[in-house]
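J.: I'd like to ask some things about the structure below.
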Amino acid sequence: MKKEPVSSAKFYALNSIDFTQTMFFVQSVQIGVGLFSLPRLVSEEAGHSGWIAILIAGLITQLSVLIIFVLARRFQGLDLYGIINRLFGRWVGSLLGFCFALYCILIAADVSRSYIEVVQQWLFPASSKALFYSLLLMPIAYCAVGGARVLGRFAVLTFFATVWMVLLLIVPLQEVQTDYYQPIFEFGWSGLMRATYKVSASMVGFELMLVIYPFIQNKKKALLATSIGIWSTTLFYLAVVLVAIGFYSQDQIKMIVSPTLTLFKIVMLPLAERIEHFGISTWSFLVVSTAATYLWAAGRFVTQLKRWNPAFSTLLFVPLLFLLGVYPRDMAMLAKFEEIAAMIGSAVSLFFPLFLLLVAILFRKRAERRPQEDESKGAEAS
Amino acid sequence: MKNATSRPAKLLPLLLVTSLLFTGCARKNILEDLGLITSAAYDLAEDNKLKVTVTMPETSQEATKKVQVITAKGDLFKEATSNISLATDRQVVSGQMRTAIFSEKLARIGLWRAVDTLLRDVNITSSLILCISDGDAREVLATKYPDHQRVGKYVYELLHKEAKMFSIPKTTLHDFSREYNSSGADPVIPYIRLTGEHLLAAGTALFRDDRFVGSLSPEETKMFLMLKGSGKGADLKQTLHNLGGNEGEAQVLLTYVLSEQSHKASIQGGKPQIVFDIKLFGQVIEYTGTQSISKKDVLDKIEQEVEKGLKERMEDLIQQLQRKYKCDPIGIGDHLRATGLYKRWDHDIWREAYAQTKVIVKLKLDIIRTGIVK
């Protein structure tokens, strides 16, 4: 069990993901439950011009993705945990890596628990949350154990299983009132910045590129794939927020908990009504792929540190994930939990790669001497 | 490597299959045991309590009536609704509710509390149609309509159909909430009246914030809806007073009227001004004049006369809304705000600006067809 070459070029090559998978991987990790409340969050801060915040957040995300790629290219063949170890040595590196793994579990718990809350609110108000949560954890753990390639494939499946929901936006689009968008450029900068911060919590997910990077087949095109991924997320968010702003009046949108779901409440198909119920159920794909990827990313820490079996190291975190998720008792506590997770999420995804890059530049010698052996192999394998 | 990874992985599919057994744990809803509320009526009782009446279709074989009508009282809307459940053997659920009827008396003290609880309930659809009844709302549901066994469906279909004909507005729960929560428009709700054995779509109930302030007739409602937005399907009747020559008064009815509304708001000399530009396309279906309408000059004259008549009616309507009812169902406030000419905008500024607004109506009618006879 102990002798797995879990960070060798061969292991990466065996589990590699291709261009399409990388693209959808980024997208499906980014889109989680944040989208449910996104139109309200931006409207609360920036009013009817809140959609501009989505574009700004998209630009900031692109910038951090560039930083991530500069960093990853500098340490060809290494993932985040490897990079941290090279930069800070084994002890401090392991500690930092452990913190990152905890962060991954925190986000995974946040996403899956928020989803359970939505399910309970909309579908099963009387059912046990622990039961639902453990049911959801099963596919999450299953995907996470599968490793990078399974996650990549699942991301593609997730995309095609959920993309049809965009069509449902056509119905509320017909009720849009153009007055609600005008005057277009009426906003305060401080409000817009706060809105951007709120949006950035929903953009979180791209920082896992640092973990999955060694698994990407064609590293030259990886940046392109990632950029397509984040911009399709951004455009999708933009579409939803634009429709929501025109569909609701400003005071109305501020009092609806999940405006995105309520948008679907007016959709009536000839054979089926209450489409939001289909929407919520289908959303589980997005939740599972987000949470599973984070769980897997946390598992990679143990895998690399102890050279343990990847499946086993991933499953190690499941109890923690469960406990963190069931901890919030009620709505107020969950809101607090989500707020903290959002804050940590934006901070880590935006500043952690930047911090690592700065350290790497400052201590240039330490960082670039050793990866050489691995690097040549990693480059060939890809 | 392969063996080692797959051992825990083999366990997981097994667990996933086991999870199918949990499907029995959720609360069951068996269709035969459910009392599906199709419509609800809200009244104010004499002791200031709320009175809620619901209709539920009766599906059992022994029943002689096709619909169950139950009334209950309570201090809260949901309390009254749950009191209803005491009077029936069914599990009362509101997922199929299509219409909510409020009495005018209740609407006069404010509807928001009622709408708020409907919005809060996840089971109730946003496309729930609201209406105001002239008298007791309970009567609308409790009356036996000889030709309509299912009263819930009757009310719903009536409102749905007439909304397409422009004689009443279409107001869903979402629409009401949207306009109530906007500092720039007041909500409207269709108005119905019980006349003997029939229900009558009687126009529009006007609201200032959430309080009922008055009503518009179906003819006025058409004018109002044309000012509010574009649409098609209305029938318009117009009396022509001045056709020239020796012709006296004549009447014309246009059908399938297509209306296109556009507007331009501005501030002229410190006062807000809004110009509505309305283009109408219609077909003549009935005409009582003696001159042949297939002649171009006669048709032009009719067009001008109808334009003049409709314009007067619209201006008169706006006068009423601004001066008498002091409410803004057209959403002139939203149009003004959208110009960006106001640095600050809130509820009070809206009311003030609306009262001062000069409204100009421009109307252009094009008769595109005159029927299949010359």
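Simple scheme: letters A, B, ... for chains in structure tokens order, numbers from 1 for residues in each chain, numbers from 1 for ligands in the order shown.
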Phe77 (chain B): which residues within 9 Å, counting only C-alpha atoms, same-chain residues fewer than 2 positions away excluded, as a ChimeraX atom specification?
T.: /B:42,50-52,73-75,79-82,113-114,117
J.: Which residues of chain A are close to chain B, meaning at most 8 Å apart when you count only C-alpha atoms, and how do they look as a PyMOL selection string?
T.: chain A and resi 1+4+121-122+124+126-127+135+138-139+141-142+145-146+179-183+186+248-252+262+265-266+274+309-312
J.: Can you list, as number ranges by chain, every protein, DNA or RNA residue that comes within 7 Å of region 52-56 of chain A when you count only C-alpha atoms, leaving out same-chain residues fewer than 3 positions away?
T.: A: 49, 59-60, 192, 195-196, 199, 234, 238
J.: What gap, in Å, lies between CA of Leu199 (chain B) and CA of Val213 (chain B)?
T.: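 These two atoms are separated by 21.9 Å.
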J.: Need to verify the contact set: Thr195 (chain B), 12 Å, only C-alpha atoms, exclusion of same-chain residues closer than 4 positions in sequence. Can you return it as a list in words?
T.: Ser133, Asp134, Gly135, Glu139, Val140, Thr143, Tyr145, Leu199, Leu200, Ala201 and Ala202 of chain B
J.: Sorted by chain and rising residue number, list the residues of region 71-94 of chain A at most 12 Å from region 9-30 of chain A (counting only C-alpha atoms), each with its closest atom pair and distance in Å to one decimal, as JSON lines.
T.:
{"residue": "A:Gln76", "atom": "CA", "partner": "A:Ala9", "partner_atom": "CA", "distance": 10.6}
{"residue": "A:Gly77", "atom": "CA", "partner": "A:Ala9", "partner_atom": "CA", "distance": 7.2}
{"residue": "A:Leu78", "atom": "CA", "partner": "A:Ala9", "partner_atom": "CA", "distance": 9.5}
{"residue": "A:Asp79", "atom": "CA", "partner": "A:Tyr12", "partner_atom": "CA", "distance": 10.5}
J.: Could you check which of B:Ile302, B:Val151, B:Ile132, B:Ile109 is closest to Val67 (chain B), using only C-alpha atoms?
T.: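 Among the listed residues, the smallest separation from Val67 (chain B) belongs to B:Val151.
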J.: Would you pick out the contacts of Glu312 (chain B) at 12 Å or less, using only C-alpha atoms, so that residues sharing its chain but fewer than 3 positions from it are not included, and give the list as an mmCIF file with C-alpha atoms, in the first residue's frame?
T.:
data_model
loop_
_atom_site.group_PDB
_atom_site.id
_atom_site.type_symbol
_atom_site.label_atom_id
_atom_site.label_comp_id
_atom_site.auth_asym_id
_atom_site.auth_seq_id
_atom_site.Cartn_x
_atom_site.Cartn_y
_atom_site.Cartn_z
ATOM 1 C CA GLU B 220 -60.939 51.800 -19.136
ATOM 2 C CA MET B 223 -56.880 52.096 -22.264
ATOM 3 C CA GLN B 238 -65.424 53.877 -30.281
ATOM 4 C CA THR B 239 -68.251 56.317 -30.867
ATOM 5 C CA GLU B 305 -62.001 60.110 -35.186
ATOM 6 C CA VAL B 306 -61.082 56.894 -33.394
ATOM 7 C CA GLU B 307 -57.631 58.271 -32.632
ATOM 8 C CA LYS B 308 -59.169 61.412 -31.194
ATOM 9 C CA GLY B 309 -61.679 59.458 -29.140
ATOM 10 C CA GLU B 315 -56.000 61.394 -21.093
ATOM 11 C CA ASP B 316 -59.122 61.259 -19.015
ATOM 12 C CA LEU B 317 -57.946 58.003 -17.449
ATOM 13 C CA ILE B 318 -54.560 59.472 -16.589
ATOM 14 C CA GLN B 319 -56.268 62.492 -15.041
ATOM 15 C CA ILE B 360 -48.891 63.587 -23.264
ATOM 16 C CA VAL B 361 -50.480 60.855 -25.332
ATOM 17 C CA LYS B 362 -49.745 60.477 -29.020
ATOM 18 C CA LEU B 363 -51.817 57.932 -30.808
#
J.: As an NGL selection string, which residues of region 221-304 of chain B does DSSP assign to strand (DSSP E or B)?
T.: :B and (231-240 or 250-268 or 271-287)
J.: Find the residues around region 35-41 of chain B up to 7 Å (only C-alpha atoms counted), leave out those fewer than 5 positions away in its own chain, and share them as a ChimeraX atom specification.
T.: /B:52-57,90-94,96-102,137-138,152
J.: Between B:Lys237, B:Lys28, B:Arg351, B:Lys232, which residue has the minimum interatomic distance to Gln322 (chain B), considering only C-alpha atoms?
T.: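 Looking only at the distances to Gln322 (chain B), the closest residue turns out to be B:Arg351.
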J.: Which neighbours of Lys279 (chain B) fall inside 8 Å, counting only C-alpha atoms, when residues of the same chain fewer than 2 positions from it are skipped, and could you give them as an MDAnalysis selection string?
T.: chainID B and resid 259:261 277 281 363:366
J.: Just C-alpha atoms for this one: save the residues we selected as a PDB file, in the first residue's frame.
T.:
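Printed below is out_39.pdb as written:
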ATOM      1  CA  SER B 259     -50.853  47.927 -29.849  1.00  0.00           C
ATOM      2  CA  GLU B 260     -47.258  49.033 -29.640  1.00  0.00           C
ATOM      3  CA  GLN B 261     -46.304  51.360 -26.859  1.00  0.00           C
ATOM      4  CA  ASP B 277     -46.428  57.063 -28.292  1.00  0.00           C
ATOM      5  CA  PHE B 281     -53.349  48.293 -35.801  1.00  0.00           C
ATOM      6  CA  LEU B 363     -51.817  57.932 -30.808  1.00  0.00           C
ATOM      7  CA  LYS B 364     -51.701  56.562 -34.329  1.00  0.00           C
ATOM      8  CA  LEU B 365     -54.274  54.120 -35.596  1.00  0.00           C
ATOM      9  CA  ASP B 366     -53.949  52.075 -38.730  1.00  0.00           C
TER      10      ASP B 366
END
